[in-house]
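**Q** Pasting in a structure now, in structure tokens, and then I'll have a few things to ask.
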Amino acid sequence: MDYPKYDRASPNTPLTNAELQQLDELLQSLPADGAMSLDGMDGYLTALLVGPSQFLDTQPSADWLPLIWGGDFDAGKPFASNQKRKRTTVMVLRHLQALACTLRDDPDNWQPIFSVAEQGEQEWADASDWCTGFLQATDLDPEAWAPWFDDAELGPALVPIALLGGEAVSDAPEADLSKADVCDELSRAAADAVMAMWAHSCAAKADARP
């Protein structure tokens with residue numbers, strides 16, 4: 001199936017909070033087992049933007065976009081209509097461009113979409129779904145990501161993402177993810193890791209310029 005190619009020069013029209021809620025509800029309503037949550041989609045798109053892989057620029061959208069809703073199936077599934085598929089595609093691409101523009105122009109104001117649980121006046125972040133989506137993006141091009149996981153600086157920064165995403169990490173301290181404070185600490189570290197990766201990626205691009 002043909003999908004529009006992501007255009008880094010497209011207008012930046014971020015989804016409103018109401019539209020993000022609509023997209024979240026739409027993804028949750030899909031019958032595909034592999035459909036991502038809104039958190040997972042945000043992590044997935046973030047990894048495509050900050051990582052070493054050039055998927056967005058070199059591969060057709062059909063190679064990465066349908067993974068958000070669990071893949072394309074016969075008879076147009078998992079969407080009830082092509083109109084709903086098209087609307088979802090447009091919303092995802094708008095969110096992707098908003099993320100790209102924030103990271104490029106105002107990285108200090110980038111904020112991931114994490115689940116947040118409230119306990120009294122305390123708020124606990126849980127980036128488990130976000131990290132799962134992030135790791136799904138790394139799986140698209142494991143050869144490109146392998147040096148980052150092995151890097152002396154970036155490798156440790158990626159550990160919280162791997163742990164929250166459900167991957168076993170050798171030599172990493174055990175983390176009891178059933179504890180809200182542990183998830184919160186790892187989630188905040190995952191957000192810091194994105195900034196480290198983005199800085200690394202920008203530096204690499206600058207070094208590559210003639």
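Numbering starts fresh at 1 for the residues of each chain in the structure tokens, the chains themselves are lettered A, B, ... in the order given, and ligands are numbered from 1 as they appear.
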Using backbone DSSP assignments, extract all strand (DSSP E) residues from segment 53-128 of chain A; output them as a ChimeraX atom specification.
**A** /A:115-119,122-126
**Q** DSSP on the backbone, then: every residue of segment 53-135 of chain A marked helix (DSSP H, G or I), written as a PyMOL selection string.
**A** chain A and resi 55-58+61-63+65-68+74-76+82-105+107-109+128-135
**Q** Please report the interatomic distance between atom CA of Thr102 of chain A and atom CA of Asn12 of chain A in Å with one decimal.
**A** 9.5 Å
**Q** Please determine, counting only C-alpha atoms, which residue among A:Ala180, A:Ala146, A:Leu154, A:Cys131 has the shortest atom-to-atom distance to Gln119 of chain A.
**A**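 When distances to Gln119 of chain A are compared using only C-alpha atoms, the smallest one comes from A:Ala180.
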**Q** Report as a PyMOL selection string all protein, DNA and RNA residues lying within 12 Å of Ser178 of chain A, evaluated on only C-alpha atoms, omitting residues in the same chain fewer than 6 positions from it.
**A** chain A and resi 126+128+164+184
**Q** Give me the segment 124-153 of chain A side of the contact with segment 41-46 of chain A, cut-off 9 Å, one line per residue showing its nearest atom pair and distance in Å at one decimal, counting only C-alpha atoms, sorted by chain and residue number, as CSV.
**A**
```
residue,atom,partner,partner_atom,distance
A:Ala127,CA,A:Gly43,CA,8.8
A:Asp129,CA,A:Gly43,CA,7.9
A:Trp130,CA,A:Gly43,CA,4.5
A:Cys131,CA,A:Gly43,CA,6.0
A:Thr132,CA,A:Gly43,CA,7.5
A:Gly133,CA,A:Tyr44,CA,4.3
A:Phe134,CA,A:Tyr44,CA,4.2
A:Leu135,CA,A:Tyr44,CA,7.2
A:Gln136,CA,A:Tyr44,CA,6.5
A:Ala137,CA,A:Tyr44,CA,5.4
A:Thr138,CA,A:Tyr44,CA,8.5
```
**Q** Leaving out Pro156 of chain A and any residue of its chain fewer than 3 positions from it, which residues lie within 12 Å of it when counting only C-alpha atoms, given as JSON, numbers by chain?
**A** {"A": [148, 149, 150, 151, 152, 153, 159, 160, 161, 162, 163, 169, 170, 171, 172, 173, 186, 189, 190, 192, 193, 196, 197]}
**Q** Expressed in Å to a single decimal, how great is the separation between atom CA of Ser61 of chain A and atom CA of Asp2 of chain A?
**A**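 Value for the atom CA of Ser61 of chain A-atom CA of Asp2 of chain A distance: 8.0 Å.
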**Q** Skip Ala9 of chain A itself and residues of its chain fewer than 5 positions away, then list as a ChimeraX atom specification all residues within 12 Å of it, counting only C-alpha atoms.
**A** /A:94,96-98,100-101
**Q** Output C-alpha atoms of each residue in that selection to a file, as a JSON list (two decimals), in the first residue's frame.
**A**
```
[["chain", "number", "residue", "atom", "x", "y", "z"],
["A", 94, "ARG", "CA", 1.96, 15.71, 11.79],
["A", 96, "LEU", "CA", 6.39, 13.24, 13.65],
["A", 97, "GLN", "CA", 7.03, 16.66, 12.12],
["A", 98, "ALA", "CA", 6.19, 18.41, 15.39],
["A", 100, "ALA", "CA", 11.33, 16.87, 14.50],
["A", 101, "CYS", "CA", 10.86, 20.64, 14.63]]
```
**Q** Find the spatial neighbours of Leu20 of chain A, counting only C-alpha atoms, within a cut-off of 10 Å - ignore same-chain residues fewer than 4 positions away - and output them as a ChimeraX atom specification.
**A** /A:14-16,24-26,38,91-92,95
**Q** Do a neighbour search on Thr89 of chain A at 9 Å with only C-alpha atoms, toss out local chain neighbours closer than 6 positions, and write the hits as a list in words.
**A**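 The residues satisfying every condition are Tyr3, Pro4, Leu65 and Pro66 of chain A.
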**Q** Could those residues be written to a file, using all heavy atoms, as a compact mmCIF listing (two decimals), in the first residue's frame?
**A**
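Result went into result20.txt, see below:
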```txt
# COMPACT_ATOMS: atom_id res chain seq x y z
N TYR A 3 1.98 5.05 0.84
CA TYR A 3 1.81 6.06 1.87
C TYR A 3 2.64 7.27 1.50
O TYR A 3 3.68 7.15 0.85
CB TYR A 3 2.27 5.53 3.23
CG TYR A 3 1.38 4.47 3.81
CD1 TYR A 3 1.70 3.11 3.66
CD2 TYR A 3 0.22 4.80 4.50
CE1 TYR A 3 0.88 2.13 4.19
CE2 TYR A 3 -0.60 3.82 5.03
CZ TYR A 3 -0.26 2.49 4.88
OH TYR A 3 -1.07 1.52 5.40
N PRO A 4 2.21 8.47 1.91
CA PRO A 4 3.01 9.66 1.62
C PRO A 4 4.36 9.59 2.31
O PRO A 4 4.47 9.11 3.44
CB PRO A 4 2.15 10.81 2.17
CG PRO A 4 1.25 10.17 3.19
CD PRO A 4 0.98 8.78 2.68
N LEU A 65 5.74 2.96 8.76
CA LEU A 65 4.49 3.57 9.23
C LEU A 65 3.45 2.55 9.70
O LEU A 65 2.89 2.70 10.80
CB LEU A 65 3.93 4.47 8.13
CG LEU A 65 2.76 5.37 8.47
CD1 LEU A 65 3.10 6.29 9.63
CD2 LEU A 65 2.38 6.21 7.25
N PRO A 66 3.17 1.48 8.93
CA PRO A 66 2.11 0.54 9.35
C PRO A 66 2.40 -0.19 10.65
O PRO A 66 1.48 -0.72 11.27
CB PRO A 66 2.03 -0.44 8.18
CG PRO A 66 2.56 0.31 7.00
CD PRO A 66 3.66 1.15 7.58
```
